[in-house]
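Visitor: The structure file work_33.txt (compact mmCIF, C-alpha atoms) is provided below.
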# COMPACT_ATOMS: atom_id res chain seq x y z
CA MET P 1 59.14 100.19 103.65
CA ILE P 2 62.76 101.21 103.23
CA GLU P 3 65.06 100.18 100.44
CA PHE P 4 68.62 99.16 101.15
CA GLN P 5 71.63 100.37 99.17
CA LEU P 6 75.12 98.96 99.08
CA ASP P 7 78.38 100.84 99.06
CA GLU P 8 80.92 98.35 97.81
CA THR P 9 83.84 100.69 98.32
CA SER P 10 83.13 101.44 101.98
CA GLY P 11 84.95 98.41 103.37
CA VAL P 12 82.04 97.97 105.80
CA ALA P 13 80.66 94.42 105.91
CA THR P 14 77.43 94.10 103.93
CA TYR P 15 75.32 92.98 106.89
CA LEU P 16 76.59 95.95 108.91
CA GLN P 17 75.65 98.32 106.11
CA LEU P 18 72.09 97.01 106.33
CA VAL P 19 72.07 97.38 110.12
CA GLN P 20 73.43 100.91 109.87
CA GLN P 21 70.82 101.86 107.28
CA VAL P 22 68.07 100.74 109.65
CA HIS P 23 69.63 102.80 112.45
CA GLN P 24 69.83 105.77 110.12
CA ALA P 25 66.24 105.34 108.92
CA LEU P 26 65.08 105.18 112.56
CA ARG P 27 66.96 108.35 113.44
CA MET P 28 65.57 110.13 110.41
CA GLY P 29 62.02 109.00 111.09
CA MET P 30 61.81 106.96 107.88
CA LEU P 31 61.11 103.88 110.00
CA GLU P 32 58.76 103.79 112.96
CA LEU P 33 57.47 101.36 115.53
CA GLY P 34 55.55 98.56 113.81
CA ASP P 35 57.01 99.15 110.35
CA GLN P 36 57.98 96.07 108.37
CA LEU P 37 61.49 95.60 107.00
CA PRO P 38 61.88 94.22 103.48
CA THR P 39 61.89 90.43 103.35
CA ALA P 40 65.12 88.62 102.61
CA GLN P 41 63.73 87.77 99.15
CA GLN P 42 63.01 91.42 98.43
CA VAL P 43 66.48 92.52 99.52
CA VAL P 44 68.12 89.73 97.54
CA ALA P 45 66.10 90.57 94.45
CA LYS P 46 67.23 94.18 94.65
CA LEU P 47 70.86 93.86 95.69
CA ALA P 48 71.84 90.36 94.49
CA ILE P 49 73.38 89.55 97.86
CA ASN P 50 73.39 86.38 99.90
CA PRO P 51 70.10 85.98 101.85
CA ASN P 52 72.13 84.79 104.84
CA THR P 53 73.57 88.31 104.98
CA VAL P 54 70.08 89.76 105.32
CA HIS P 55 69.19 87.22 108.02
CA LYS P 56 72.38 88.10 109.83
CA ALA P 57 71.59 91.81 109.73
CA TYR P 58 68.08 91.18 111.03
CA ARG P 59 69.37 88.95 113.82
CA GLU P 60 71.69 91.76 114.82
CA LEU P 61 68.76 94.19 114.89
CA GLU P 62 66.84 91.71 117.03
CA ARG P 63 69.80 91.41 119.37
CA GLU P 64 69.80 95.18 119.70
CA GLY P 65 66.11 95.02 120.54
CA LEU P 66 65.15 97.13 117.53
CA ALA P 67 63.28 94.54 115.48
CA ARG P 68 61.58 91.22 115.82
CA ALA P 69 60.87 88.45 113.30
CA ARG P 70 57.28 87.24 113.29
CA PRO P 71 57.29 83.80 111.67
CA GLY P 72 55.52 83.76 108.34
CA LEU P 73 54.94 87.52 108.41
CA GLY P 74 58.31 89.22 108.31
CA THR P 75 60.55 91.35 110.48
CA PHE P 76 59.11 94.40 112.20
CA ILE P 77 60.47 97.39 114.07
CA THR P 78 59.71 96.94 117.75
CA ARG P 79 61.23 100.01 119.31
CA SER P 80 60.90 103.62 118.46
CA PRO P 81 64.23 105.36 118.24
CA SER P 82 65.02 106.63 121.68
CA GLY P 83 68.76 107.19 121.60
CA THR P 84 70.56 108.59 124.57
CA ASP P 85 68.69 111.24 126.47
CA PRO P 86 69.46 114.81 125.39
CA ALA P 87 70.89 115.88 128.77
CA THR P 88 73.49 113.10 128.69
CA GLN P 89 74.39 113.93 125.11
CA ALA P 90 74.81 117.62 126.01
CA ARG P 91 77.01 116.78 128.99
CA PHE P 92 79.41 114.70 126.86
CA LEU P 93 79.40 117.23 124.07
CA ALA P 94 80.45 119.96 126.54
CA ALA P 95 83.19 117.76 128.03
CA MET P 96 84.49 116.90 124.56
CA THR P 97 84.51 120.55 123.53
CA ASP P 98 86.48 121.51 126.65
CA TRP P 99 88.96 118.75 125.93
CA LEU P 100 89.38 119.87 122.31
CA ARG P 101 89.98 123.48 123.37
CA SER P 102 92.66 122.45 125.84
CA ALA P 103 94.30 120.19 123.23
CA ARG P 104 94.31 123.05 120.76
CA SER P 105 95.79 125.52 123.23
CA ALA P 106 98.51 122.93 123.96
CA GLY P 107 99.48 123.35 120.29
CA LEU P 108 97.93 120.22 118.77
CA GLY P 109 96.59 120.51 115.22
CA PRO P 110 93.41 118.88 113.85
CA ASP P 111 95.31 115.87 112.49
CA ASP P 112 97.11 115.29 115.82
CA ILE P 113 93.82 115.47 117.63
CA GLU P 114 92.12 113.12 115.21
CA ALA P 115 94.92 110.58 115.52
CA ILE P 116 94.65 110.71 119.32
CA TYR P 117 90.90 110.38 119.15
CA ARG P 118 91.06 107.40 116.77
CA THR P 119 93.61 105.59 118.90
CA ALA P 120 91.61 106.18 122.07
CA PHE P 121 88.39 105.19 120.33
CA ARG P 122 89.92 101.97 119.08
CA THR P 123 91.45 101.11 122.44
CA CYS P 124 88.16 101.77 124.21
CA PHE P 125 86.01 99.70 121.86
CA ALA P 126 88.57 96.94 121.48
CA GLU P 127 88.38 96.55 125.27
CA GLY P 128 84.63 96.31 125.00
CA ALA P 129 84.86 93.62 122.35
CA ALA P 130 87.52 91.49 124.02
CA MET I 1 76.56 71.09 111.63
CA THR I 2 76.68 68.61 108.76
CA ALA I 3 79.11 69.16 105.94
CA VAL I 4 77.90 69.39 102.35
CA ILE I 5 81.39 68.61 101.12
CA GLU I 6 83.93 66.86 103.25
CA ALA I 7 87.35 66.10 101.81
CA SER I 8 90.27 64.49 103.54
CA GLY I 9 93.73 64.33 102.02
CA LEU I 10 92.03 64.57 98.64
CA GLY I 11 94.29 64.57 95.59
CA LYS I 12 94.01 64.16 91.85
CA GLN I 13 96.99 63.39 89.67
CA TYR I 14 97.20 63.53 85.88
CA ARG I 15 100.27 61.64 84.71
CA ARG I 16 102.99 63.43 86.66
CA THR I 17 101.12 66.61 87.59
CA TRP I 18 98.93 67.05 90.64
CA ALA I 19 95.82 69.05 89.77
CA LEU I 20 94.80 69.00 93.42
CA ARG I 21 96.65 67.75 96.46
CA ASP I 22 96.28 67.35 100.22
CA CYS I 23 92.85 68.93 100.12
CA THR I 24 91.14 68.72 103.49
CA LEU I 25 87.91 70.66 103.80
CA ALA I 26 84.59 70.56 105.62
CA ILE I 27 82.11 72.93 104.04
CA PRO I 28 79.07 73.49 106.27
CA GLU I 29 75.56 73.35 104.84
CA GLY I 30 73.47 76.39 103.98
CA ARG I 31 76.43 78.43 102.78
CA VAL I 32 77.21 80.15 99.54
CA VAL I 33 80.80 79.16 99.06
CA GLY I 34 83.22 81.01 96.83
CA LEU I 35 85.91 78.76 95.45
CA VAL I 36 88.53 81.24 94.35
CA GLY I 37 91.94 80.91 92.78
CA PRO I 38 93.94 81.65 89.67
CA ASN I 39 93.33 79.66 86.52
CA GLY I 40 94.78 76.20 86.85
CA ALA I 41 94.67 76.21 90.65
CA GLY I 42 92.48 73.12 90.82
CA LYS I 43 89.00 74.63 91.15
CA THR I 44 87.47 72.64 88.30
CA THR I 45 89.18 69.49 89.50
CA LEU I 46 87.72 69.90 92.98
CA LEU I 47 84.22 70.51 91.59
CA GLN I 48 84.47 67.55 89.25
CA LEU I 49 85.61 65.34 92.12
CA ALA I 50 82.57 66.56 94.07
CA THR I 51 80.21 65.63 91.22
CA GLY I 52 81.80 62.23 90.69
CA LEU I 53 82.92 63.10 87.14
CA LEU I 54 86.46 62.48 88.38
CA THR I 55 87.66 59.94 90.91
CA PRO I 56 90.36 60.78 93.46
CA THR I 57 93.92 59.55 93.13
CA ARG I 58 94.36 59.97 96.87
CA GLY I 59 92.18 60.63 99.87
CA THR I 60 88.41 60.75 100.13
CA ILE I 61 85.54 63.07 99.41
CA SER I 62 81.94 62.84 100.51
CA VAL I 63 79.12 65.03 99.30
CA LEU I 64 75.97 65.36 101.42
CA GLY I 65 77.31 62.51 103.50
CA GLU I 66 77.80 60.04 100.66
CA PRO I 67 80.44 59.31 98.05
CA PRO I 68 79.76 61.41 94.92
CA ALA I 69 77.55 59.75 92.30
CA VAL I 70 77.25 56.60 94.40
CA SER I 71 73.58 56.21 93.44
CA PRO I 72 70.85 57.90 91.38
CA ALA I 73 69.45 59.19 94.68
CA GLN I 74 72.75 60.88 95.52
CA LEU I 75 72.99 62.35 92.03
CA ALA I 76 69.48 63.78 92.37
CA ARG I 77 70.57 65.79 95.42
CA VAL I 78 73.40 67.60 93.61
CA GLY I 79 73.08 70.09 90.78
CA PHE I 80 76.06 70.94 88.62
CA VAL I 81 76.56 73.70 86.08
CA ALA I 82 79.80 73.05 84.23
CA GLN I 83 82.20 75.71 83.00
CA ASP I 84 80.77 78.11 80.40
CA THR I 85 77.22 77.10 81.39
CA PRO I 86 76.75 74.60 78.55
CA VAL I 87 73.43 74.04 76.80
CA TYR I 88 72.54 72.16 73.61
CA ALA I 89 72.86 74.76 70.85
CA ARG I 90 70.47 73.07 68.41
CA MET I 91 67.78 72.32 70.96
CA ARG I 92 64.98 74.75 71.75
CA VAL I 93 64.52 76.20 75.22
CA ALA I 94 61.35 74.13 75.73
CA ASP I 95 63.21 70.95 74.72
CA HIS I 96 65.79 71.61 77.43
CA LEU I 97 63.01 71.68 79.99
CA ARG I 98 61.44 68.51 78.55
CA LEU I 99 64.80 66.77 78.72
CA GLY I 100 65.29 67.99 82.29
CA ALA I 101 61.86 66.67 83.29
CA TRP I 102 62.59 63.34 81.64
CA LEU I 103 65.99 62.88 83.27
CA ASN I 104 65.22 64.08 86.78
CA ARG I 105 62.79 62.39 89.11
CA GLY I 106 62.33 65.41 91.36
CA TRP I 107 61.91 67.88 88.47
CA ASP I 108 59.98 71.02 89.45
CA ASP I 109 58.34 71.97 86.17
CA GLU I 110 56.37 74.84 87.70
CA LEU I 111 59.65 76.41 88.85
CA ALA I 112 61.28 75.87 85.45
CA GLN I 113 58.36 77.38 83.50
CA ARG I 114 58.07 80.31 85.90
CA ARG I 115 61.77 81.12 85.57
CA ILE I 116 61.70 80.91 81.79
CA GLY I 117 58.73 83.29 81.86
CA GLN I 118 60.44 85.72 84.23
CA LEU I 119 63.56 85.71 82.12
CA GLY I 120 61.51 86.46 79.03
CA LEU I 121 62.97 83.49 77.13
CA ASP I 122 61.03 82.27 74.11
CA PRO I 123 60.41 78.51 74.59
CA LYS I 124 60.66 78.01 70.81
CA GLN I 125 64.06 79.66 70.49
CA ARG I 126 67.10 77.46 69.88
CA ALA I 127 69.62 77.66 72.71
CA GLY I 128 72.43 78.41 70.27
CA SER I 129 70.91 81.76 69.42
CA LEU I 130 70.56 82.92 73.03
CA SER I 131 72.87 85.59 74.43
CA GLY I 132 75.59 84.51 76.84
CA GLY I 133 73.57 85.76 79.78
CA GLN I 134 70.41 83.97 78.63
CA ARG I 135 72.33 80.75 78.05
CA ALA I 136 73.75 80.94 81.56
CA GLN I 137 70.26 81.55 82.94
CA LEU I 138 68.89 78.57 81.01
CA ALA I 139 71.64 76.32 82.39
CA LEU I 140 70.91 77.66 85.89
CA THR I 141 67.18 77.00 85.40
CA LEU I 142 67.86 73.37 84.52
CA ALA I 143 70.05 72.95 87.61
CA LEU I 144 67.55 74.69 89.91
CA ALA I 145 64.47 72.85 88.62
CA LYS I 146 66.10 69.64 89.68
CA ARG I 147 65.67 71.05 93.23
CA PRO I 148 69.14 70.04 94.42
CA GLU I 149 70.26 70.37 98.03
CA LEU I 150 73.69 71.36 96.80
CA LEU I 151 74.41 73.32 93.66
CA LEU I 152 77.91 73.36 92.19
CA LEU I 153 78.78 75.97 89.56
CA ASP I 154 82.09 76.16 87.74
CA GLU I 155 82.97 79.74 86.71
CA PRO I 156 79.34 80.55 85.90
CA VAL I 157 79.82 84.28 85.40
CA ALA I 158 83.34 84.42 83.93
CA SER I 159 82.18 85.05 80.37
CA LEU I 160 79.25 87.34 81.15
CA ASP I 161 79.08 91.12 80.94
CA PRO I 162 78.59 92.98 84.25
CA LEU I 163 74.83 93.30 83.87
CA ALA I 164 74.30 89.64 82.97
CA ARG I 165 76.65 88.73 85.80
CA ARG I 166 74.59 90.66 88.31
CA GLU I 167 71.35 89.19 86.94
CA PHE I 168 72.74 85.68 87.15
CA LEU I 169 73.88 86.10 90.75
CA ARG I 170 70.55 87.69 91.62
CA SER I 171 68.70 84.63 90.25
CA LEU I 172 71.01 82.35 92.15
CA MET I 173 70.54 84.25 95.42
CA GLU I 174 66.78 84.31 94.99
CA ALA I 175 66.87 80.52 94.68
CA VAL I 176 69.00 80.30 97.82
CA ALA I 177 66.52 82.53 99.66
CA GLU I 178 63.58 80.45 98.47
CA HIS I 179 64.91 76.91 98.85
CA GLY I 180 67.86 77.21 101.22
CA THR I 181 70.11 75.49 98.66
CA SER I 182 73.78 75.21 99.55
CA VAL I 183 75.96 76.60 96.77
CA VAL I 184 79.60 76.26 95.78
CA LEU I 185 80.68 78.45 92.91
CA SER I 186 84.12 78.97 91.52
CA SER I 187 85.68 82.05 90.02
CA HIS I 188 89.12 83.39 89.37
CA LEU I 189 87.87 86.83 90.45
CA VAL I 190 86.80 87.39 94.02
CA ALA I 191 85.09 90.64 93.02
CA ASP I 192 82.45 88.50 91.26
CA LEU I 193 81.66 86.71 94.46
CA GLU I 194 82.16 89.32 97.14
CA ARG I 195 78.47 90.16 97.42
CA VAL I 196 77.17 86.64 97.52
CA CYS I 197 79.61 84.45 99.41
CA ASP I 198 79.58 83.83 103.11
CA TYR I 199 82.24 81.14 102.99
CA LEU I 200 85.47 81.24 101.06
CA VAL I 201 87.95 78.62 99.87
CA VAL I 202 91.12 79.92 98.25
CA LEU I 203 92.96 77.44 96.07
CA VAL I 204 96.44 78.24 94.87
CA ALA I 205 98.76 75.90 92.98
CA SER I 206 96.65 72.79 93.63
CA ARG I 207 96.37 73.40 97.36
CA VAL I 208 93.86 74.96 99.73
CA ARG I 209 95.54 78.11 100.97
CA ILE I 210 92.78 79.24 103.32
CA ALA I 211 89.13 78.37 103.95
CA GLY I 212 86.52 79.73 106.32
CA GLU I 213 83.53 81.94 107.03
CA VAL I 214 83.94 85.31 105.31
CA THR I 215 83.08 87.29 108.45
CA THR I 216 85.63 85.34 110.48
CA LEU I 217 88.28 85.79 107.81
CA LEU I 218 87.66 89.54 107.60
CA ALA I 219 87.64 89.93 111.38
CA SER I 220 90.94 88.10 111.79
CA HIS I 221 92.93 89.94 109.12
CA HIS I 222 94.20 93.50 109.42
CA ARG I 223 96.44 95.81 107.51
CA LEU I 224 99.06 97.38 109.76
CA SER I 225 101.11 100.33 108.67
CA GLY I 226 103.74 102.07 110.71
CA PRO I 227 107.43 102.82 111.07
CA ARG I 228 109.76 100.29 109.46
CA ARG I 229 110.10 97.17 111.51
CA ASP I 230 111.15 93.55 111.23
CA PRO I 231 107.97 91.43 111.13
CA GLY I 232 109.95 88.85 113.15
CA THR I 233 109.49 91.14 116.16
CA LEU I 234 105.68 90.90 116.09
CA PRO I 235 104.01 89.29 119.09
CA ALA I 236 103.16 85.59 118.89
CA GLY I 237 99.83 84.96 117.24
CA GLN I 238 100.24 87.65 114.58
CA ASP I 239 101.07 85.88 111.34
CA VAL I 240 102.30 87.91 108.41
CA ILE I 241 100.50 87.10 105.17
CA GLU I 242 101.90 89.93 103.10
CA GLU I 243 104.56 92.52 103.77
CA SER I 244 106.08 95.49 102.04
CA HIS I 245 108.74 97.85 103.26
CA THR I 246 110.28 101.14 102.32
CA ASP I 247 113.29 102.57 104.15
CA LYS I 248 110.96 104.28 106.61
CA GLN I 249 107.70 102.38 106.56
CA THR I 250 106.38 98.85 106.90
CA VAL I 251 102.95 97.72 105.71
CA LEU I 252 101.78 94.27 106.71
CA LEU I 253 98.72 92.16 106.24
CA VAL I 254 98.49 90.02 109.35
CA ARG I 255 96.24 87.29 110.56
CA THR I 256 95.47 87.27 114.25
CA ASP I 257 92.61 86.36 116.54
CA GLN I 258 93.59 89.05 119.04
CA PRO I 259 93.06 92.80 118.73
CA VAL I 260 96.18 94.70 117.70
CA HIS I 261 97.05 97.13 120.51
CA ASP I 262 100.51 98.30 119.50
CA PRO I 263 100.08 102.10 119.11
CA ALA I 264 102.88 102.22 116.52
CA TRP I 265 100.55 100.64 113.97
CA ALA I 266 97.72 102.26 112.12
CA VAL I 267 95.27 99.37 111.83
CA THR I 268 92.78 99.22 108.97
CA PRO I 269 90.37 96.50 107.92
CA VAL I 270 90.99 94.55 104.72
CA SER I 271 88.51 93.84 101.97
CA LEU I 272 87.83 90.31 100.86
CA GLU I 273 89.59 91.05 97.60
CA ASP I 274 92.74 92.31 99.36
CA LEU I 275 92.72 89.24 101.51
CA VAL I 276 92.40 86.82 98.62
CA ILE I 277 95.06 88.58 96.59
CA ALA I 278 97.43 88.47 99.55
CA TYR I 279 96.95 84.72 99.84
CA MET I 280 97.28 84.24 96.10
CA SER I 281 100.56 86.09 95.83
CA PRO I 282 103.52 83.73 95.59
CA ALA I 283 105.27 85.41 98.53
CA SER I 284 102.60 84.31 100.97
CA ASP I 285 103.53 80.77 101.76
CA ILE I 286 102.04 78.80 104.59
CA PRO I 287 100.38 81.34 106.94
CA ALA I 288 102.06 79.89 110.04
CA ARG I 289 105.49 80.75 108.68
CA ARG I 290 107.03 83.95 109.96
CA PRO I 291 108.73 85.54 106.94
CA GLN I 292 112.08 87.25 107.32
CA LEU I 293 112.45 90.94 106.65
CA GLY I 294 112.42 91.24 102.89
CA VAL I 295 114.41 93.26 100.44
CA VAL I 296 113.98 97.02 100.71
CA SER I 297 112.01 98.22 97.74
What's the C-alpha cells form of this structure?

Guide:
Amino acid sequence: MIEFQLDETSGVATYLQLVQQVHQALRMGMLELGDQLPTAQQVVAKLAINPNTVHKAYRELEREGLARARPGLGTFITRSPSGTDPATQARFLAAMTDWLRSARSAGLGPDDIEAIYRTAFRTCFAEGAA
Amino acid sequence: MTAVIEASGLGKQYRRTWALRDCTLAIPEGRVVGLVGPNGAGKTTLLQLATGLLTPTRGTISVLGEPPAVSPAQLARVGFVAQDTPVYARMRVADHLRLGAWLNRGWDDELAQRRIGQLGLDPKQRAGSLSGGQRAQLALTLALAKRPELLLLDEPVASLDPLARREFLRSLMEAVAEHGTSVVLSSHLVADLERVCDYLVVLVASRVRIAGEVTTLLASHHRLSGPRRDPGTLPAGQDVIEESHTDKQTVLLVRTDQPVHDPAWAVTPVSLEDLVIAYMSPASDIPARRPQLGVVS
C-alpha cells in the first residue's frame, strides 16, 4: 500500500498530485498489478482532503486503464507499468538531442531553448485538449 | 442534479443596510462548499437564511428542496454549527450528547460515543474547560450525530490553531467520506479551505462575486505576463479580473474558457487563493466588464 503526500505549494491540483504519485509509484515498482490503493477514508484520514478529490483521482486512473474499483473491496491496480517501448523512447531521445545540438550551434542559450520548448509543448498539448 | 441550496434574488436588509443582496445560487448536492469572503461580506447572513434563523427581505431560498425550517422534518435534515462552535460551558460532554439525543429524532448515539472516544474527550468534563479545538470537535460531533444531509458551518476553524484546524477538517472530511454529507462552510481565509472544498462561493460586499466548481474555476483562470499592453486589446472571451502594469510589463489574471495561444504571454496557472484574492480586491468589479488600462505603477 502506498501513502499519498501533498505539496501545497506546487500549484498542481490535489487530485492530479494523487494521480501523479500513482504513476510514479508504478514506474518505481512500488505498486504492481493487483495492488490495492488506499481507500478514500484512509486518504482523507491522513491528508484531511475532500473524499471527492480521491474519487476523482481514482476515476482518472480508471480512465487511463491503470486501476479499477471493485465495489465493496476497493480500488486495485489493473495494469503493470508498460510505458512506451524502449526503442521508441530511444528514437525520440536521439531526435531531441540532434535538435538541441543544432539549436545550440545556432547560438541559442539554455533559457532560449527552454522558452521555445515550453511554448511548443503548450501549443501541442493545448491542441490535444481542445 | 438536485440543489442543496437554491437561492433566487435573495436579499436581507437590516434597517438601511443590505447584509446580502441579489443572491442567486444553486449549490449541487454532495459538494464541500467553501463560502469565502472578507468579514462583513454576508457569509453569516447567507448561512442563517439557509437555516431559517433569518427570513429573507427579498427573493427566495430553498434548502434540500424545501423552505428552511418549514417543518421539524426539514430541520432534521440540516445540521448547523454557528460561529465560534458554541457549546454550553457549564454542561458536561456527556450531557451535550444526552441533550442531542433528546432533541433529535434521528440521533446516532453510536456515532456520537465513538467520536467522543476517538477524540479522547472525558464525558464528565465540563465543556467550558475544553480547549478551543476540543470545543469545536464537540460541536461538530453534535451536528454529525444528528446525521444531517446538509451540514452548515459558520467559520468553524477561524479561532483554532493550525493543528486543531487540520484535525477539525480531517474529522469533517471523514464524515463526508462515510456518510456523503453535503457541506457548506464559511471562512474569511481561503487557505483554510483549499484542501477540502470542491465548490467555491465568493461573497464580497453583500454580493456573490463568483461561484462554481473549484476545478472549473482553476481551469478557466490564468495569469498572463508579457510586454506592456492595453487589456482592451485582448480577444473577446478573455475577461480581465486583475491587472497590473509597469512601463514595460503587463500582468493579468484573466478568465476564459478558451486556451490562450498568444505567444506574447507567458501563461501560468493560478492557485485558488490567488483567484479568490483577485475577486475580493475592490478593483475587480463585475467580471464581464473590460477594465481600461490603469495607472502606471

Visitor: Neighbouring residues of Gln17 (chain P) were defined as those with any atom within 10 Å, considering only C-alpha atoms; residues of the same chain fewer than 2 positions away were excluded. Please report them as number ranges by chain.

Guide: P: 4-8, 10-15, 19-23, 57

Visitor: Counting only C-alpha atoms, give me one row per residue of chain I with an atom at most 9 Å from an atom of chain P, showing the shortest contact pair and its distance in Å to one decimal, sorted by chain then residue number, as a Markdown table.

Guide:
| residue | atom | partner | partner_atom | distance |
| --- | --- | --- | --- | --- |
| I:Gly30 | CA | P:Asn52 | CA | 8.5 |
| I:Arg31 | CA | P:Asn52 | CA | 7.9 |
| I:Val32 | CA | P:Asn50 | CA | 7.3 |
| I:Arg166 | CA | P:Ala48 | CA | 6.8 |
| I:Glu167 | CA | P:Ala48 | CA | 7.7 |
| I:Phe168 | CA | P:Ala48 | CA | 8.8 |
| I:Leu169 | CA | P:Ala48 | CA | 6.0 |
| I:Arg170 | CA | P:Ala48 | CA | 4.1 |
| I:Ser171 | CA | P:Ala45 | CA | 7.7 |
| I:Leu172 | CA | P:Ala48 | CA | 8.4 |
| I:Met173 | CA | P:Asn50 | CA | 5.7 |
| I:Glu174 | CA | P:Val44 | CA | 6.1 |
| I:Val176 | CA | P:Pro51 | CA | 7.1 |
| I:Ala177 | CA | P:Pro51 | CA | 5.4 |
| I:Glu178 | CA | P:Gln41 | CA | 7.4 |
| I:Glu194 | CA | P:Ile49 | CA | 8.8 |
| I:Arg195 | CA | P:Ile49 | CA | 5.1 |
| I:Val196 | CA | P:Asn50 | CA | 4.5 |
| I:Cys197 | CA | P:Asn50 | CA | 6.5 |
| I:Asp198 | CA | P:Asn50 | CA | 7.4 |
| I:Thr215 | CA | P:Ala13 | CA | 7.9 |
| I:Leu218 | CA | P:Ala13 | CA | 8.7 |
| I:Gln258 | CA | P:Ala130 | CA | 8.2 |
| I:Pro259 | CA | P:Ala126 | CA | 6.7 |
| I:Val260 | CA | P:Ala126 | CA | 8.8 |
| I:His261 | CA | P:Thr123 | CA | 7.1 |
| I:Pro263 | CA | P:Thr119 | CA | 7.4 |
| I:Ala266 | CA | P:Thr119 | CA | 8.6 |
| I:Pro269 | CA | P:Gly11 | CA | 7.3 |
| I:Val270 | CA | P:Gly11 | CA | 7.3 |
| I:Ser271 | CA | P:Gly11 | CA | 6.0 |
| I:Leu272 | CA | P:Gly11 | CA | 9.0 |

Visitor: Just the number, please: distance in Å from CA of Val78 (chain I) to CA of Gln48 (chain I), one decimal.

Guide: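 Spanning CA of Val78 (chain I) to CA of Gln48 (chain I) is a straight-line distance of 11.9 Å.
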
Visitor: Counting all atoms listed in the file, what is within 12 Å of Arg79 (chain P), bar same-chain residues fewer than 2 positions away, as number ranges by chain?

Guide: P: 22-23, 26-27, 31-35, 61-62, 64-68, 76-77, 81-83

Visitor: Mind giving me the straight-line distance from CA of Arg135 (chain I) to CA of Pro86 (chain I) in Å, one decimal?

Guide: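 Atom-to-atom, CA of Arg135 (chain I) to CA of Pro86 (chain I), that is 7.6 Å.
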
Visitor: From the list I:Ser225, I:Thr233, I:Thr181, I:Asn104, which residue is nearest Val251 (chain I) when using only C-alpha atoms?

Guide: I:Ser225

Visitor: Just the number, please: distance in Å from CA of Phe121 (chain P) to CA of Thr268 (chain I), one decimal.

Guide: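 Going from CA of Phe121 (chain P) over to CA of Thr268 (chain I) covers 13.6 Å.
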
Visitor: Determine, counting only C-alpha atoms, every residue of protein, DNA or RNA that lies within 10 Å of (67.2, 60.9, 95.9) in the file coordinates, then give the result as a list of chain:residue names.

Guide: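 So the residues meeting the distance criterion are I:Ser71, I:Pro72, I:Ala73, I:Gln74, I:Leu75, I:Ala76, I:Arg77, I:Val78, I:Asn104, I:Arg105, I:Gly106, I:Pro148.
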
Visitor: Which one is closest to Thr85 (chain I): I:Arg98, I:Gln134, I:Arg21, I:Arg229? Count all atoms listed in the file.

Guide: I:Gln134

Visitor: With 9 Å as the threshold, what does the neighbourhood of (79.7, 64.3, 91.4) contain in terms of residues, counting only C-alpha atoms? Coordinates are those of the file; answer as a count of residues only.

Guide: 18

Visitor: Model the absent atoms of region 36-50 of chain P so that N, CA and C atoms are present, and write the result as an mmCIF file, in the coordinates of the input.

Guide:
data_model
loop_
_atom_site.group_PDB
_atom_site.id
_atom_site.type_symbol
_atom_site.label_atom_id
_atom_site.label_comp_id
_atom_site.auth_asym_id
_atom_site.auth_seq_id
_atom_site.Cartn_x
_atom_site.Cartn_y
_atom_site.Cartn_z
ATOM 1 N N GLN P 36 57.368 97.325 108.814
ATOM 2 C CA GLN P 36 57.980 96.070 108.370
ATOM 3 C C GLN P 36 59.257 96.360 107.590
ATOM 4 N N LEU P 37 60.261 95.521 107.806
ATOM 5 C CA LEU P 37 61.490 95.600 107.000
ATOM 6 C C LEU P 37 61.294 94.750 105.753
ATOM 7 N N PRO P 38 62.007 95.045 104.685
ATOM 8 C CA PRO P 38 61.880 94.220 103.480
ATOM 9 C C PRO P 38 62.209 92.763 103.800
ATOM 10 N N THR P 39 61.564 91.842 103.133
ATOM 11 C CA THR P 39 61.890 90.430 103.350
ATOM 12 C C THR P 39 63.238 90.126 102.719
ATOM 13 N N ALA P 40 63.826 89.019 103.168
ATOM 14 C CA ALA P 40 65.120 88.620 102.610
ATOM 15 C C ALA P 40 65.012 88.497 101.087
ATOM 16 N N GLN P 41 63.908 87.917 100.603
ATOM 17 C CA GLN P 41 63.730 87.770 99.150
ATOM 18 C C GLN P 41 63.736 89.119 98.451
ATOM 19 N N GLN P 42 63.067 90.093 99.055
ATOM 20 C CA GLN P 42 63.010 91.420 98.430
ATOM 21 C C GLN P 42 64.399 92.058 98.383
ATOM 22 N N VAL P 43 65.137 91.925 99.477
ATOM 23 C CA VAL P 43 66.480 92.520 99.520
ATOM 24 C C VAL P 43 67.390 91.833 98.499
ATOM 25 N N VAL P 44 67.296 90.510 98.462
ATOM 26 C CA VAL P 44 68.120 89.730 97.540
ATOM 27 C C VAL P 44 67.808 90.099 96.091
ATOM 28 N N ALA P 45 66.508 90.253 95.816
ATOM 29 C CA ALA P 45 66.100 90.570 94.450
ATOM 30 C C ALA P 45 66.621 91.943 94.031
ATOM 31 N N LYS P 46 66.754 92.845 94.992
ATOM 32 C CA LYS P 46 67.230 94.180 94.650
ATOM 33 C C LYS P 46 68.752 94.244 94.581
ATOM 34 N N LEU P 47 69.415 93.649 95.566
ATOM 35 C CA LEU P 47 70.860 93.860 95.690
ATOM 36 C C LEU P 47 71.722 92.695 95.197
ATOM 37 N N ALA P 48 71.080 91.557 94.892
ATOM 38 C CA ALA P 48 71.840 90.360 94.490
ATOM 39 C C ALA P 48 72.880 89.997 95.544
ATOM 40 N N ILE P 49 72.472 90.006 96.812
ATOM 41 C CA ILE P 49 73.380 89.550 97.860
ATOM 42 C C ILE P 49 72.865 88.252 98.459
ATOM 43 N N ASN P 50 73.710 87.637 99.252
ATOM 44 C CA ASN P 50 73.390 86.380 99.900
ATOM 45 C C ASN P 50 72.266 86.602 100.931
#
